[in-house]
Amino acid sequence: SDSEIKNKAFLHSLAKDIQKEKFNNLHNAIVDNLKVEPKSYRGGKYSFDLTLLEILEEKRYLLDASVTPFNNWSHIGGPDFIDSITVPYFPSRADIFKRGDFSVLEVPVSIDFDIDMPDRLKKLILRVPLMFHAQGILKRLGLCKLIWLDPSFQTFSEMKTLVDLILKKQQNPCINLMFHSSVLLRGAS
């Protein structure tokens, strides 16, 4: 079925032993070809779960950057990050979206609305079912827009607005720019 195919696109939807095998294949390919031990990771399609954190910890990775705050990928089989922490944190083994004792630091992608508003209001806007298009309506009316610190999605001006808001709040010691490697290749994106 379509939902089974969608779910298989995420590493976290696979059995633990298959997740580990796939991750080890990727890790070993990097080591064998680049002759470096990777220390950071971002899940393909932002896949993220307890098993991944256990694998990263076992492989002595220092950080993960798979969490995309204020985004919900569950409609395509992915994780729901709407309620996630937006600043770097060590995840909990009981709930990976809360602070805890994993040795792997989670560094969420810098994503937020372009205006300062309470997190409760942001989450309310984002929890409105997709069929109502709340985000699109608010964006068209010029009221607010969700911005990613990603040059393939946003303009320089939008990203500057986001960085200024993050710095103004003085709560986040880290700004995490994300982009796909193809963005760096001329004519590839």
# chains A, B, ... in the order shown; residues from 1 in each chain; ligands from 1

$ closest_atom_pairs --of "region 112-180 of chain A" --to "region 39-59 of chain A" --cutoff "12 Å" --atoms "only C-alpha atoms" --output "tab-separated table"
residue	atom	partner	partner_atom	distance
A:Asn176	CA	A:Arg42	CA	11.6
A:Met178	CA	A:Arg42	CA	9.6
A:Phe179	CA	A:Arg42	CA	10.8
A:His180	CA	A:Gly44	CA	10.3

$ residues_around --residues "Gln154 (chain A)" --least-positions-apart "5" --cutoff "12 Å" --atoms "only C-alpha atoms" --output "list in words"
Ile111, Asp114, Lys145, Leu146, Ile147, Trp148, Leu149, Met159, Lys160, Thr161, Leu162, Leu177, Met178 and Phe179 of chain A

$ write_last_selection --atoms "N, CA and C atoms" --output "PDB file, in the first residue's frame"
ATOM      1  N   ILE A 111      14.380  26.944  13.039  1.00  0.00           N
ATOM      2  CA  ILE A 111      13.095  27.150  12.359  1.00  0.00           C
ATOM      3  C   ILE A 111      12.188  27.873  13.347  1.00  0.00           C
ATOM      4  N   ASP A 114       8.188  34.165  11.671  1.00  0.00           N
ATOM      5  CA  ASP A 114       8.875  35.431  11.408  1.00  0.00           C
ATOM      6  C   ASP A 114       8.442  36.558  12.325  1.00  0.00           C
ATOM      7  N   LYS A 145       4.718  33.732   9.020  1.00  0.00           N
ATOM      8  CA  LYS A 145       5.217  32.698   8.129  1.00  0.00           C
ATOM      9  C   LYS A 145       6.273  31.889   8.872  1.00  0.00           C
ATOM     10  N   LEU A 146       6.249  30.584   8.693  1.00  0.00           N
ATOM     11  CA  LEU A 146       7.277  29.716   9.265  1.00  0.00           C
ATOM     12  C   LEU A 146       8.520  29.794   8.383  1.00  0.00           C
ATOM     13  N   ILE A 147       9.665  30.106   9.003  1.00  0.00           N
ATOM     14  CA  ILE A 147      10.916  30.269   8.250  1.00  0.00           C
ATOM     15  C   ILE A 147      11.926  29.217   8.706  1.00  0.00           C
ATOM     16  N   TRP A 148      12.561  28.586   7.743  1.00  0.00           N
ATOM     17  CA  TRP A 148      13.673  27.659   7.991  1.00  0.00           C
ATOM     18  C   TRP A 148      14.976  28.405   7.705  1.00  0.00           C
ATOM     19  N   LEU A 149      16.000  28.138   8.460  1.00  0.00           N
ATOM     20  CA  LEU A 149      17.314  28.691   8.139  1.00  0.00           C
ATOM     21  C   LEU A 149      17.924  27.767   7.093  1.00  0.00           C
ATOM     22  N   MET A 159      15.829  34.741   6.100  1.00  0.00           N
ATOM     23  CA  MET A 159      16.747  34.087   7.039  1.00  0.00           C
ATOM     24  C   MET A 159      17.324  35.086   8.030  1.00  0.00           C
ATOM     25  N   LYS A 160      17.596  36.318   7.575  1.00  0.00           N
ATOM     26  CA  LYS A 160      18.081  37.357   8.483  1.00  0.00           C
ATOM     27  C   LYS A 160      17.033  37.668   9.544  1.00  0.00           C
ATOM     28  N   THR A 161      15.760  37.745   9.137  1.00  0.00           N
ATOM     29  CA  THR A 161      14.662  37.970  10.086  1.00  0.00           C
ATOM     30  C   THR A 161      14.653  36.879  11.150  1.00  0.00           C
ATOM     31  N   LEU A 162      14.789  35.630  10.728  1.00  0.00           N
ATOM     32  CA  LEU A 162      14.794  34.505  11.661  1.00  0.00           C
ATOM     33  C   LEU A 162      15.975  34.597  12.625  1.00  0.00           C
ATOM     34  N   LEU A 177      22.049  26.293  10.566  1.00  0.00           N
ATOM     35  CA  LEU A 177      21.737  26.423   9.151  1.00  0.00           C
ATOM     36  C   LEU A 177      21.698  25.028   8.535  1.00  0.00           C
ATOM     37  N   MET A 178      20.703  24.756   7.713  1.00  0.00           N
ATOM     38  CA  MET A 178      20.657  23.460   7.048  1.00  0.00           C
ATOM     39  C   MET A 178      20.458  23.644   5.560  1.00  0.00           C
ATOM     40  N   PHE A 179      21.035  22.748   4.802  1.00  0.00           N
ATOM     41  CA  PHE A 179      20.798  22.701   3.364  1.00  0.00           C
ATOM     42  C   PHE A 179      21.271  21.349   2.860  1.00  0.00           C
TER      43      PHE A 179
END

$ residues_around --residues "Asn71 (chain A)" --least-positions-apart "3" --cutoff "10 Å" --atoms "only C-alpha atoms" --output "MDAnalysis selection string"
chainID A and resid 67:68 74 79:84 111:112 123 126:127 146

$ select_by_dssp --residues "region 62-153 of chain A" --states "strand (DSSP E)" --output "list in words"
Leu63, Asp64, Leu105, Glu106, Ile111, Asp112, Phe113, Leu146, Ile147 and Trp148 of chain A

$ residues_around --residues "Ile175 (chain A)" --least-positions-apart "2" --cutoff "8 Å" --atoms "only C-alpha atoms" --output "list of chain:residue names"
A:Val109, A:Ser110, A:Val163, A:Ile166, A:Asn172, A:Pro173, A:Leu177

$ select_by_dssp --residues "chain A" --states "alpha helix (DSSP H)" --output "PyMOL selection string"
chain A and resi 2-8+16-34+50-58+119-127+134-140+156-169

$ residues_around --residues "region 91-105 of chain A" --least-positions-apart "2" --cutoff "6 Å" --atoms "only C-alpha atoms" --output "list in words"
Leu62, Leu63, Ser84 and Tyr89 of chain A

$ atom_distance --atom1 "CA of Phe153 (chain A)" --atom2 "CA of Leu26 (chain A)"
26.8 Å

$ atom_distance --atom1 "CA of Ile18 (chain A)" --atom2 "CA of Glu37 (chain A)"
21.4 Å
